[in-house]
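The file protein.pdb comes next; it holds PDB, C-alpha atoms.
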```pdb
ATOM      1  CA  MET A  23      13.197  76.011  13.871
ATOM      2  CA  GLN A  24      13.786  79.196  15.775
ATOM      3  CA  GLN A  25      16.895  79.157  17.949
ATOM      4  CA  ALA A  26      16.251  79.814  21.639
ATOM      5  CA  SER A  27      17.799  82.977  23.009
ATOM      6  CA  PRO A  28      20.290  82.541  25.883
ATOM      7  CA  ILE A  29      18.993  83.126  29.401
ATOM      8  CA  PRO A  30      20.582  86.302  30.813
ATOM      9  CA  PRO A  31      22.431  85.911  34.101
ATOM     10  CA  SER A  32      20.743  87.079  37.244
ATOM     11  CA  PRO A  33      21.720  90.471  38.757
ATOM     12  CA  ALA A  34      23.057  88.698  41.861
ATOM     13  CA  ALA A  35      25.456  86.592  39.787
ATOM     14  CA  VAL A  36      26.700  89.654  37.884
ATOM     15  CA  ALA A  37      27.316  91.552  41.088
ATOM     16  CA  ALA A  38      29.193  88.614  42.593
ATOM     17  CA  ALA A  39      31.414  88.281  39.516
ATOM     18  CA  LEU A  40      32.182  91.992  39.413
ATOM     19  CA  ASP A  41      32.955  92.012  43.123
ATOM     20  CA  TYR A  42      35.232  88.950  42.997
ATOM     21  CA  ALA A  43      37.384  89.985  40.016
ATOM     22  CA  PRO A  44      38.793  93.254  41.361
ATOM     23  CA  ARG A  45      39.439  91.783  44.793
ATOM     24  CA  ARG A  46      41.372  88.893  43.324
ATOM     25  CA  ALA A  47      43.474  91.151  41.139
ATOM     26  CA  SER A  48      44.168  94.074  43.429
ATOM     27  CA  SER A  49      44.225  92.720  47.008
ATOM     28  CA  PRO A  50      47.811  92.633  48.314
ATOM     29  CA  PRO A  51      49.266  89.551  49.978
ATOM     30  CA  SER A  52      48.213  89.126  53.581
ATOM     31  CA  SER A  53      51.836  89.206  54.735
ATOM     32  CA  TRP A  54      52.163  92.799  53.522
ATOM     33  CA  SER A  55      48.857  94.033  54.900
ATOM     34  CA  LEU A  56      48.364  96.020  58.070
ATOM     35  CA  GLY A  57      46.836  92.899  59.558
ATOM     36  CA  ARG A  58      50.232  92.111  61.029
ATOM     37  CA  LEU A  59      49.321  94.433  63.888
ATOM     38  CA  ARG A  60      45.788  93.136  64.215
ATOM     39  CA  THR A  61      44.265  92.975  67.663
ATOM     40  CA  ASP A  62      42.818  89.445  67.632
ATOM     41  CA  ARG A  63      46.144  87.818  68.634
ATOM     42  CA  TRP A  64      49.872  88.404  68.875
ATOM     43  CA  THR A  65      51.983  88.271  65.740
ATOM     44  CA  SER A  66      55.698  88.282  65.053
ATOM     45  CA  ALA A  67      55.481  92.038  64.555
ATOM     46  CA  HIS A  68      54.151  92.457  68.094
ATOM     47  CA  LEU A  69      56.963  90.359  69.539
ATOM     48  CA  ALA A  70      59.602  92.280  67.577
ATOM     49  CA  LEU A  71      58.139  95.620  68.649
ATOM     50  CA  ALA A  72      57.947  94.452  72.278
ATOM     51  CA  THR A  73      61.622  93.488  72.145
ATOM     52  CA  LEU A  74      62.473  96.915  70.768
ATOM     53  CA  MET A  75      60.457  98.649  73.478
ATOM     54  CA  GLY A  76      62.154  96.560  76.162
ATOM     55  CA  ALA A  77      65.548  97.570  74.791
ATOM     56  CA  LEU A  78      64.476 101.222  74.857
ATOM     57  CA  GLY A  79      63.414 100.775  78.481
ATOM     58  CA  VAL A  80      66.853  99.414  79.350
ATOM     59  CA  ALA A  81      68.487 102.316  77.518
ATOM     60  CA  ALA A  82      66.340 104.842  79.401
ATOM     61  CA  THR A  83      67.441 103.380  82.761
ATOM     62  CA  PHE A  84      70.876 102.240  81.664
ATOM     63  CA  GLU A  85      72.749 103.429  84.767
ATOM     64  CA  ALA A  86      70.547 101.346  87.065
ATOM     65  CA  TRP A  87      70.946  98.241  84.892
ATOM     66  CA  LYS A  88      74.680  98.869  84.724
ATOM     67  CA  ASP A  89      74.825  98.930  88.517
ATOM     68  CA  ILE A  90      72.831  95.678  88.747
ATOM     69  CA  ALA A  91      75.206  93.980  86.299
ATOM     70  CA  HIS A  92      78.217  95.307  88.219
ATOM     71  CA  LEU A  93      76.928  93.878  91.514
ATOM     72  CA  ALA A  94      76.098  90.526  89.922
ATOM     73  CA  TYR A  95      79.568  90.276  88.382
ATOM     74  CA  ARG A  96      81.627  91.595  91.295
ATOM     75  CA  GLU A  97      79.728  90.319  94.339
ATOM     76  CA  PRO A  98      79.320  86.511  94.608
ATOM     77  CA  GLU A  99      76.261  86.999  96.836
ATOM     78  CA  TYR A 100      74.429  88.466  93.836
ATOM     79  CA  SER A 101      75.585  85.926  91.254
ATOM     80  CA  HIS A 102      72.078  84.402  91.215
ATOM     81  CA  ILE A 103      70.993  87.405  89.112
ATOM     82  CA  PHE A 104      72.518  85.710  86.072
ATOM     83  CA  LEU A 105      70.011  82.861  86.508
ATOM     84  CA  VAL A 106      66.950  85.132  86.435
ATOM     85  CA  PRO A 107      66.783  85.642  82.620
ATOM     86  CA  LEU A 108      67.150  81.882  82.110
ATOM     87  CA  VAL A 109      64.332  81.102  84.544
ATOM     88  CA  ALA A 110      62.102  83.789  82.988
ATOM     89  CA  ALA A 111      62.768  82.397  79.502
ATOM     90  CA  TRP A 112      61.918  78.908  80.763
ATOM     91  CA  MET A 113      58.651  80.181  82.239
ATOM     92  CA  VAL A 114      57.705  81.632  78.840
ATOM     93  CA  PHE A 115      58.803  78.540  76.901
ATOM     94  CA  VAL A 116      56.686  76.073  78.858
ATOM     95  CA  ARG A 117      53.682  78.348  78.262
ATOM     96  CA  ARG A 118      54.453  79.059  74.606
ATOM     97  CA  LEU A 119      51.143  77.697  73.294
ATOM     98  CA  ARG A 120      49.361  80.471  75.163
ATOM     99  CA  PHE A 121      50.596  82.879  72.504
ATOM    100  CA  ARG A 122      47.702  81.936  70.245
ATOM    101  CA  HIS A 123      45.172  82.955  72.892
ATOM    102  CA  CYS A 124      46.703  86.335  73.766
ATOM    103  CA  ARG A 125      45.478  89.622  72.339
ATOM    104  CA  PRO A 126      47.326  92.949  72.495
ATOM    105  CA  THR A 127      44.633  94.720  74.491
ATOM    106  CA  GLY A 128      44.932  96.900  77.556
ATOM    107  CA  THR A 129      48.265  98.359  76.489
ATOM    108  CA  GLY A 130      47.590 101.448  78.605
ATOM    109  CA  VAL A 131      48.488  99.359  81.658
ATOM    110  CA  GLY A 132      52.015  99.073  80.321
ATOM    111  CA  VAL A 133      52.294 102.814  79.821
ATOM    112  CA  LEU A 134      51.165 103.455  83.398
ATOM    113  CA  ALA A 135      53.616 100.820  84.706
ATOM    114  CA  ALA A 136      56.501 102.402  82.786
ATOM    115  CA  LEU A 137      55.664 105.863  84.121
ATOM    116  CA  ALA A 138      55.354 104.511  87.673
ATOM    117  CA  GLY A 139      58.685 102.714  87.312
ATOM    118  CA  TRP A 140      60.335 105.895  86.107
ATOM    119  CA  GLY A 141      59.015 107.797  89.110
ATOM    120  CA  ILE A 142      60.120 105.085  91.565
ATOM    121  CA  SER A 143      63.571 104.869  90.005
ATOM    122  CA  ALA A 144      64.030 108.649  90.064
ATOM    123  CA  PHE A 145      62.872 108.845  93.686
ATOM    124  CA  GLY A 146      65.267 106.082  94.703
ATOM    125  CA  PHE A 147      68.163 107.694  92.867
ATOM    126  CA  TYR A 148      67.742 111.183  94.300
ATOM    127  CA  HIS A 149      66.959 110.010  97.845
ATOM    128  CA  GLY A 150      69.624 107.309  98.124
ATOM    129  CA  TYR A 151      67.366 104.222  98.064
ATOM    130  CA  GLN A 152      69.280 101.797  95.883
ATOM    131  CA  THR A 153      66.566  99.129  95.987
ATOM    132  CA  LEU A 154      63.923 101.553  94.674
ATOM    133  CA  TRP A 155      66.353 102.743  91.999
ATOM    134  CA  HIS A 156      66.829  99.186  90.740
ATOM    135  CA  ALA A 157      63.175  98.161  91.183
ATOM    136  CA  GLY A 158      61.982 101.167  89.194
ATOM    137  CA  ALA A 159      64.322 100.293  86.330
ATOM    138  CA  VAL A 160      62.927  96.750  86.197
ATOM    139  CA  LEU A 161      59.367  98.097  86.247
ATOM    140  CA  VAL A 162      60.141 100.492  83.389
ATOM    141  CA  VAL A 163      61.257  97.616  81.151
ATOM    142  CA  VAL A 164      58.228  95.497  82.094
ATOM    143  CA  GLY A 165      55.928  98.439  81.361
ATOM    144  CA  CYS A 166      57.542  99.064  77.973
ATOM    145  CA  VAL A 167      56.960  95.437  76.964
ATOM    146  CA  LEU A 168      53.368  95.460  78.224
ATOM    147  CA  SER A 169      52.681  98.670  76.288
ATOM    148  CA  VAL A 170      52.913  96.538  73.135
ATOM    149  CA  LEU A 171      51.709  93.104  74.237
ATOM    150  CA  GLY A 172      48.936  94.282  76.556
ATOM    151  CA  LYS A 173      47.677  93.179  79.928
ATOM    152  CA  GLN A 174      47.162  89.549  78.886
ATOM    153  CA  ALA A 175      50.932  89.135  78.765
ATOM    154  CA  PHE A 176      51.008  89.987  82.463
ATOM    155  CA  PHE A 177      48.273  87.582  83.520
ATOM    156  CA  ARG A 178      48.996  84.616  81.236
ATOM    157  CA  PHE A 179      52.753  84.785  81.816
ATOM    158  CA  PHE A 180      52.704  86.051  85.391
ATOM    159  CA  PRO A 181      55.360  83.565  86.681
ATOM    160  CA  ALA A 182      57.823  84.923  84.096
ATOM    161  CA  VAL A 183      57.104  88.480  85.236
ATOM    162  CA  ALA A 184      57.188  87.693  88.961
ATOM    163  CA  VAL A 185      60.630  86.073  88.811
ATOM    164  CA  LEU A 186      62.100  89.396  87.667
ATOM    165  CA  VAL A 187      61.928  90.494  91.309
ATOM    166  CA  PHE A 188      65.139  88.522  91.831
ATOM    167  CA  LEU A 189      66.911  90.990  89.533
ATOM    168  CA  ILE A 190      66.751  93.519  92.377
ATOM    169  CA  PRO A 191      69.822  93.173  94.639
ATOM    170  CA  VAL A 192      68.952  92.719  98.302
ATOM    171  CA  PRO A 193      70.379  95.471 100.546
ATOM    172  CA  PRO A 194      73.407  94.323 102.600
ATOM    173  CA  HIS A 195      71.775  94.653 106.037
ATOM    174  CA  TYR A 196      68.813  92.501 104.975
ATOM    175  CA  ARG A 197      71.155  90.028 103.337
ATOM    176  CA  LEU A 198      73.159  89.589 106.536
ATOM    177  CA  ARG A 199      69.997  89.019 108.568
ATOM    178  CA  ILE A 200      69.350  85.953 106.428
ATOM    179  CA  ALA A 201      72.929  84.772 105.988
ATOM    180  CA  VAL A 202      74.085  84.770 109.624
ATOM    181  CA  PRO A 203      71.433  82.340 110.965
ATOM    182  CA  LEU A 204      71.888  80.050 107.951
ATOM    183  CA  GLN A 205      75.634  79.920 108.501
ATOM    184  CA  GLY A 206      75.130  79.014 112.175
ATOM    185  CA  TRP A 207      72.681  76.220 111.339
ATOM    186  CA  THR A 208      74.990  74.937 108.615
ATOM    187  CA  ALA A 209      77.932  74.829 111.041
ATOM    188  CA  GLN A 210      75.939  72.888 113.634
ATOM    189  CA  ILE A 211      74.604  70.351 111.138
ATOM    190  CA  SER A 212      78.030  69.929 109.525
ATOM    191  CA  GLN A 213      79.610  69.275 112.924
ATOM    192  CA  THR A 214      77.000  66.622 113.695
ATOM    193  CA  VAL A 215      77.466  64.866 110.356
ATOM    194  CA  LEU A 216      81.269  64.897 110.624
ATOM    195  CA  GLU A 217      81.102  63.439 114.123
ATOM    196  CA  MET A 218      78.832  60.686 112.830
ATOM    197  CA  PHE A 219      81.709  59.667 110.534
ATOM    198  CA  SER A 220      84.166  59.715 113.467
ATOM    199  CA  VAL A 221      85.866  62.927 112.364
ATOM    200  CA  GLN A 222      87.252  64.954 115.266
ATOM    201  CA  VAL A 223      85.799  68.415 114.868
ATOM    202  CA  GLU A 224      85.435  71.442 117.126
ATOM    203  CA  ARG A 225      83.061  74.303 116.509
ATOM    204  CA  SER A 226      83.268  77.906 117.639
ATOM    205  CA  ALA A 227      80.315  79.919 116.339
ATOM    206  CA  ASN A 228      80.580  79.568 112.539
ATOM    207  CA  ARG A 229      84.118  78.189 112.581
ATOM    208  CA  LEU A 230      84.954  74.487 112.380
ATOM    209  CA  SER A 231      88.328  73.091 113.403
ATOM    210  CA  VAL A 232      89.409  69.829 111.743
ATOM    211  CA  ASN A 233      92.908  68.349 111.898
ATOM    212  CA  GLY A 234      94.135  71.433 113.731
ATOM    213  CA  ARG A 235      93.018  73.757 110.939
ATOM    214  CA  ASP A 236      90.234  76.305 111.245
ATOM    215  CA  VAL A 237      87.729  76.615 108.439
ATOM    216  CA  SER A 238      85.164  79.386 108.617
ATOM    217  CA  ILE A 239      81.711  78.680 107.239
ATOM    218  CA  ILE A 240      81.595  82.267 105.993
ATOM    219  CA  GLU A 241      84.659  81.698 103.848
ATOM    220  CA  ALA A 242      83.955  78.123 102.813
ATOM    221  CA  CYS A 243      80.264  78.325 101.953
ATOM    222  CA  ASN A 244      78.053  81.365 102.106
ATOM    223  CA  GLY A 245      74.566  80.214 103.028
ATOM    224  CA  LEU A 246      72.777  83.143 101.461
ATOM    225  CA  ARG A 247      74.442  82.597  98.114
ATOM    226  CA  MET A 248      72.951  79.118  98.044
ATOM    227  CA  VAL A 249      69.531  80.253  99.258
ATOM    228  CA  PHE A 250      68.720  82.660  96.445
ATOM    229  CA  ALA A 251      70.090  80.350  93.756
ATOM    230  CA  LEU A 252      68.137  77.364  95.085
ATOM    231  CA  ILE A 253      64.972  79.437  95.499
ATOM    232  CA  LEU A 254      65.257  80.219  91.788
ATOM    233  CA  VAL A 255      65.732  76.520  91.022
ATOM    234  CA  SER A 256      62.698  75.659  93.161
ATOM    235  CA  TYR A 257      60.714  78.405  91.439
ATOM    236  CA  ALA A 258      61.658  77.140  87.975
ATOM    237  CA  PHE A 259      60.783  73.604  89.031
ATOM    238  CA  SER A 260      57.430  74.381  90.641
ATOM    239  CA  PHE A 261      56.175  76.709  87.888
ATOM    240  CA  GLY A 262      57.832  74.771  85.067
ATOM    241  CA  LEU A 263      55.673  71.732  85.773
ATOM    242  CA  PRO A 264      51.858  71.597  85.905
ATOM    243  CA  LEU A 265      51.792  71.173  89.677
ATOM    244  CA  ARG A 266      48.938  72.031  91.980
ATOM    245  CA  ASN A 267      49.261  75.394  93.683
ATOM    246  CA  SER A 268      49.469  73.720  97.081
ATOM    247  CA  VAL A 269      52.430  71.621  95.912
ATOM    248  CA  ARG A 270      54.107  74.709  94.462
ATOM    249  CA  PHE A 271      53.703  76.507  97.780
ATOM    250  CA  VAL A 272      55.276  73.596  99.658
ATOM    251  CA  VAL A 273      58.213  73.440  97.224
ATOM    252  CA  LEU A 274      58.904  77.159  97.550
ATOM    253  CA  LEU A 275      58.489  77.042 101.323
ATOM    254  CA  ALA A 276      60.955  74.166 101.551
ATOM    255  CA  SER A 277      63.594  75.865  99.378
ATOM    256  CA  PRO A 278      65.530  77.313 102.385
ATOM    257  CA  ILE A 279      65.618  73.815 103.895
ATOM    258  CA  SER A 280      66.924  72.363 100.633
ATOM    259  CA  ALA A 281      69.486  75.186 100.566
ATOM    260  CA  ILE A 282      70.768  74.155 104.008
ATOM    261  CA  PHE A 283      70.851  70.508 102.930
ATOM    262  CA  CYS A 284      72.798  71.275  99.744
ATOM    263  CA  ASN A 285      75.072  73.608 101.684
ATOM    264  CA  VAL A 286      75.901  70.818 104.153
ATOM    265  CA  VAL A 287      76.533  68.395 101.291
ATOM    266  CA  ARG A 288      78.890  70.973  99.833
ATOM    267  CA  ILE A 289      80.649  72.049 103.009
ATOM    268  CA  ILE A 290      81.595  68.643 104.438
ATOM    269  CA  PRO A 291      84.019  67.713 101.634
ATOM    270  CA  THR A 292      85.141  71.349 101.475
ATOM    271  CA  VAL A 293      86.121  71.351 105.155
ATOM    272  CA  CYS A 294      87.955  68.036 104.767
ATOM    273  CA  LEU A 295      89.836  69.269 101.713
ATOM    274  CA  PHE A 296      90.849  72.482 103.476
ATOM    275  CA  ALA A 297      91.940  70.540 106.565
ATOM    276  CA  TYR A 298      93.843  67.642 104.988
ATOM    277  CA  PHE A 299      94.958  69.121 101.644
ATOM    278  CA  PRO A 300      95.968  72.756 102.287
ATOM    279  CA  ALA A 301      97.610  74.927  99.664
ATOM    280  CA  ARG A 302     101.392  74.451  99.631
ATOM    281  CA  GLY A 303     104.401  75.908  97.966
ATOM    282  CA  GLY A 304     103.066  79.444  97.898
ATOM    283  CA  ALA A 305     100.094  78.419  95.791
ATOM    284  CA  ARG A 306      97.167  80.791  95.995
ATOM    285  CA  GLN A 307      94.582  78.041  95.742
ATOM    286  CA  GLY A 308      94.478  74.511  97.041
ATOM    287  CA  ILE A 309      92.160  71.650  96.201
ATOM    288  CA  GLY A 310      89.632  72.964  98.707
ATOM    289  CA  ASP A 311      89.525  76.368  97.040
ATOM    290  CA  VAL A 312      88.917  74.852  93.606
ATOM    291  CA  PHE A 313      86.236  72.534  94.942
ATOM    292  CA  HIS A 314      84.559  75.401  96.790
ATOM    293  CA  GLU A 315      84.577  77.576  93.692
ATOM    294  CA  TRP A 316      82.820  75.062  91.451
ATOM    295  CA  SER A 317      80.716  73.032  93.870
ATOM    296  CA  GLY A 318      78.249  75.883  94.392
ATOM    297  CA  TRP A 319      77.008  75.697  90.812
ATOM    298  CA  LEU A 320      77.080  71.893  91.005
ATOM    299  CA  MET A 321      74.468  72.051  93.772
ATOM    300  CA  LEU A 322      71.906  73.552  91.375
ATOM    301  CA  PRO A 323      71.355  70.387  89.302
ATOM    302  CA  VAL A 324      71.616  68.350  92.501
ATOM    303  CA  SER A 325      68.739  70.310  94.036
ATOM    304  CA  PHE A 326      66.709  69.988  90.825
ATOM    305  CA  VAL A 327      67.146  66.205  90.850
ATOM    306  CA  LEU A 328      66.226  66.174  94.542
ATOM    307  CA  LEU A 329      62.980  68.040  93.854
ATOM    308  CA  LEU A 330      62.209  65.766  90.933
ATOM    309  CA  GLY A 331      62.695  62.743  93.185
ATOM    310  CA  ILE A 332      60.273  64.206  95.734
ATOM    311  CA  ILE A 333      57.598  64.733  93.067
ATOM    312  CA  LYS A 334      58.085  61.204  91.721
ATOM    313  CA  THR A 335      57.770  59.843  95.253
ATOM    314  CA  LEU A 336      54.518  61.738  95.768
ATOM    315  CA  ARG A 337      53.161  60.435  92.470
ATOM    316  CA  TRP A 338      54.244  56.912  93.400
ATOM    317  CA  ALA A 339      52.280  57.340  96.611
ATOM    318  CA  MET A 340      49.293  58.301  94.394
ATOM    319  CA  LEU A 341      49.066  61.796  95.869
ATOM    320  CA  PRO A 342      47.586  64.450  93.533
ATOM    321  CA  VAL A 343      50.417  66.744  92.449
ATOM    322  CA  MET A 344      49.630  67.588  88.809
ATOM    323  CA  LYS A 345      46.874  69.967  87.765
ATOM    324  CA  TYR A 346      46.882  70.916  84.058
ATOM    325  CA  THR A 347      49.040  71.327  80.965
ATOM    326  CA  LEU A 348      51.107  74.509  81.147
ATOM    327  CA  ALA A 349      51.446  75.101  77.409
ATOM    328  CA  SER A 350      47.703  75.110  76.736
TER     329      SER A 350
END
```
Same coordinates, now as structure tokens:
Amino acid sequence: MQQASPIPPSPAAVAAALDYAPRRASSPPSSWSLGRLRTDRWTSAHLALATLMGALGVAATFEAWKDIAHLAYREPEYSHIFLVPLVAAWMVFVRRLRFRHCRPTGTGVGVLAALAGWGISAFGFYHGYQTLWHAGAVLVVVGCVLSVLGKQAFFRFFPAVAVLVFLIPVPPHYRLRIAVPLQGWTAQISQTVLEMFSVQVERSANRLSVNGRDVSIIEACNGLRMVFALILVSYAFSFGLPLRNSVRFVVLLASPISAIFCNVVRIIPTVCLFAYFPARGGARQGIGDVFHEWSGWLMLPVSFVLLLGIIKTLRWAMLPVMKYTLAS
């Protein structure tokens, strides 16, 4: 019997085999390919390069950033600046799942922002506008980061970018316009509350007199210092939870009121401690000074808990406050 000859493979199968073998043997691992900088989504290489570009932006405007850090460290009215990076990081963290949907496109927007920031900073420096000098430095860093991550980083993480405005120190004359009325309101409310508890108190402008001792509201509790810190807390709260935009607007609008409330809560025991437990024996600080020094930061978690209680009350009343999931 004649043996049947084998059926030759089809040309398509031969081509597929020849095409598969070299690719399997010679293609490098995906982790070493240039796909790390692909444009379909962000990768760890993009984040590392964005961090490097941000550091270069800080180095290019180092004198302005040095001045901002000096004001935040030396002037208590600007101490809220230290909270800004924490709030910005929190804004990014709660939206972390958006990374998978972001593409590094539109990077030219970052280049234009960096150039505009450089021009604003230079104009402010040479013409004596400190606010423009600082604002331009912040814009340079934001532009350097966007030049790598693209415009989607600005839109999808806008709350984290917007909070960087608080890095810019407010000029003294604008600061006093806000602080003086707040101090007057705080003194009036504190007097009323103390009188409700049968404490003999006299008020002259922003000065309270208890037990024959004068305590100035300016020295005991600076209203402006509380306002900016509590606005940041309200901002982190409202944009850290999936609240409706209307609820966020109400929370931010009520932040000065919560600042006055927390300031009154802080100042009443401070005034009593200054009046009844003054520093003695040549001591530089008494109990009132120590309480005043630390109670300001204590008001931050108090205000956060207060805002959380308001949201829980609204939800208990079955009012719509939530909108969507932030991380998605």
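For the set A:Val327, A:Ala86, A:Leu265, A:Val287, the residue with the smallest atom-to-atom gap to Met344 of chain A is A:Leu265, counting all atoms listed in the file.
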Open item on the list: Considering all atoms listed in the file, can you say which of A:Asn267, A:Ser277, A:Ser169, A:Ser231 comes closest to Pro126 of chain A?
Closed with: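 Checking each of A:Asn267, A:Ser277, A:Ser169, A:Ser231 against Pro126 of chain A, counting all atoms listed in the file, the winner is A:Ser169.
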TODO: Pick out the closest residue to Gln222 of chain A from this set: A:Ala297, A:Leu252, A:Ala81, A:Cys166. Count all atoms listed in the file.
DONE: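 Once distances to Gln222 of chain A are computed over all atoms listed in the file, the minimum belongs to A:Ala297.
Closest approach to Ala157 of chain A from the set A:Phe271, A:Trp338, A:Phe145, A:Phe177 is made by A:Phe145, with distances taken over all atoms listed in the file.
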Open item on the list: Just the number, please: distance in Å from atom CA of Phe84 of chain A to atom CA of Ala159 of chain A, one decimal.
Closed with: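 So the two atoms, atom CA of Phe84 of chain A and atom CA of Ala159 of chain A, lie 8.3 Å apart.
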Do you have, as a tab-separated table, the list of residues of segment 190-295 of chain A lying at most 9 Å from segment 95-117 of chain A, each with its nearest atom pair and that distance in Å to one decimal, counting only C-alpha atoms and ordered by chain then number?
```
residue	atom	partner	partner_atom	distance
A:Ile190	CA	A:Ile103	CA	8.1
A:Pro191	CA	A:Tyr100	CA	6.6
A:Val192	CA	A:Tyr100	CA	8.2
A:Arg197	CA	A:Glu99	CA	8.8
A:Asn244	CA	A:Glu99	CA	7.9
A:Leu246	CA	A:Glu99	CA	7.0
A:Arg247	CA	A:Glu99	CA	4.9
A:Met248	CA	A:Glu99	CA	8.6
A:Phe250	CA	A:His102	CA	6.5
A:Ala251	CA	A:His102	CA	5.2
A:Leu252	CA	A:His102	CA	8.9
A:Leu254	CA	A:Val109	CA	7.4
A:Val255	CA	A:Val109	CA	8.1
A:Tyr257	CA	A:Val109	CA	8.2
A:Ala258	CA	A:Val109	CA	5.9
A:Phe261	CA	A:Met113	CA	7.1
A:Gly262	CA	A:Met113	CA	6.2
A:Leu263	CA	A:Val116	CA	8.2
```
Task: Point-to-point distance from atom CA of Ala209 of chain A to atom CA of Asn233 of chain A, Å rounded to tenths - done: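 Computing it gives 16.3 Å between the two atoms.
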Task: Point-to-point distance from atom CA of Phe313 of chain A to atom CA of Cys284 of chain A, Å rounded to tenths - done: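 Result for atom CA of Phe313 of chain A versus atom CA of Cys284 of chain A: 14.3 Å, one decimal.
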TODO: Rank nothing, just name the residue among A:Ile200, A:Cys294, A:Ala276, A:Ala182 nearest to Leu328 of chain A, using all atoms listed in the file.
DONE: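 Answer, going by the shortest atom-to-atom distance: A:Ala276.
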Task: Selection: 12 Å around segment 147-151 of chain A, only C-alpha atoms, excl. self and same-chain fewer than 2 positions, as a list of chain:residue names - done: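 Everything that qualifies: A:Thr83, A:Glu85, A:Ala86, A:Asp89, A:Trp140, A:Gly141, A:Ile142, A:Ser143, A:Ala144, A:Phe145, A:Thr153, A:Leu154, A:Trp155, A:His156, A:Ala157, A:Gly158, A:Ala159, A:Pro191, A:Val192, A:Pro193.
Among the candidate residues A:Val221, A:Ile90, A:Leu69, A:Val170, the one lying nearest to Phe121 of chain A is A:Leu69, with distances computed using all atoms listed in the file.
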Task: Long-range neighbours of Pro342 of chain A as a ChimeraX atom specification, 8 Å cut-off, all atoms listed in the file, 4 positions minimum in chain - done: /A:266,336-337
Could segment 252-268 of chain A be completed with N, CA and C atoms and written as a compact mmCIF listing (two decimals), keeping the file's coordinate frame, please?
```txt
# COMPACT_ATOMS: atom_id res chain seq x y z
N LEU A 252 69.01 78.53 94.98
CA LEU A 252 68.14 77.36 95.08
C LEU A 252 66.67 77.76 95.12
N ILE A 253 66.36 78.96 95.61
CA ILE A 253 64.97 79.44 95.50
C ILE A 253 64.59 79.59 94.03
N LEU A 254 65.52 80.09 93.22
CA LEU A 254 65.26 80.22 91.79
C LEU A 254 65.07 78.84 91.14
N VAL A 255 65.89 77.87 91.55
CA VAL A 255 65.73 76.52 91.02
C VAL A 255 64.38 75.95 91.43
N SER A 256 64.00 76.14 92.69
CA SER A 256 62.70 75.66 93.16
C SER A 256 61.56 76.36 92.43
N TYR A 257 61.73 77.65 92.17
CA TYR A 257 60.71 78.40 91.44
C TYR A 257 60.57 77.88 90.01
N ALA A 258 61.71 77.66 89.34
CA ALA A 258 61.66 77.14 87.98
C ALA A 258 61.05 75.75 87.95
N PHE A 259 61.33 74.96 88.98
CA PHE A 259 60.78 73.60 89.03
C PHE A 259 59.28 73.63 89.27
N SER A 260 58.84 74.41 90.26
CA SER A 260 57.43 74.38 90.64
C SER A 260 56.53 75.00 89.58
N PHE A 261 56.99 76.07 88.91
CA PHE A 261 56.18 76.71 87.89
C PHE A 261 56.53 76.23 86.48
N GLY A 262 57.52 75.37 86.36
CA GLY A 262 57.83 74.77 85.07
C GLY A 262 57.11 73.47 84.83
N LEU A 263 56.48 72.94 85.87
CA LEU A 263 55.67 71.73 85.77
C LEU A 263 54.23 72.06 86.15
N PRO A 264 53.28 71.32 85.59
CA PRO A 264 51.86 71.60 85.90
C PRO A 264 51.47 71.06 87.27
N LEU A 265 52.07 71.62 88.32
CA LEU A 265 51.79 71.17 89.68
C LEU A 265 50.58 71.92 90.25
N ARG A 266 49.99 71.33 91.25
CA ARG A 266 48.94 72.03 91.98
C ARG A 266 49.54 73.19 92.76
N ASN A 267 48.75 74.22 92.98
CA ASN A 267 49.26 75.39 93.68
C ASN A 267 49.72 75.05 95.10
N SER A 268 49.05 74.12 95.74
CA SER A 268 49.47 73.72 97.08
C SER A 268 50.85 73.08 97.06
```
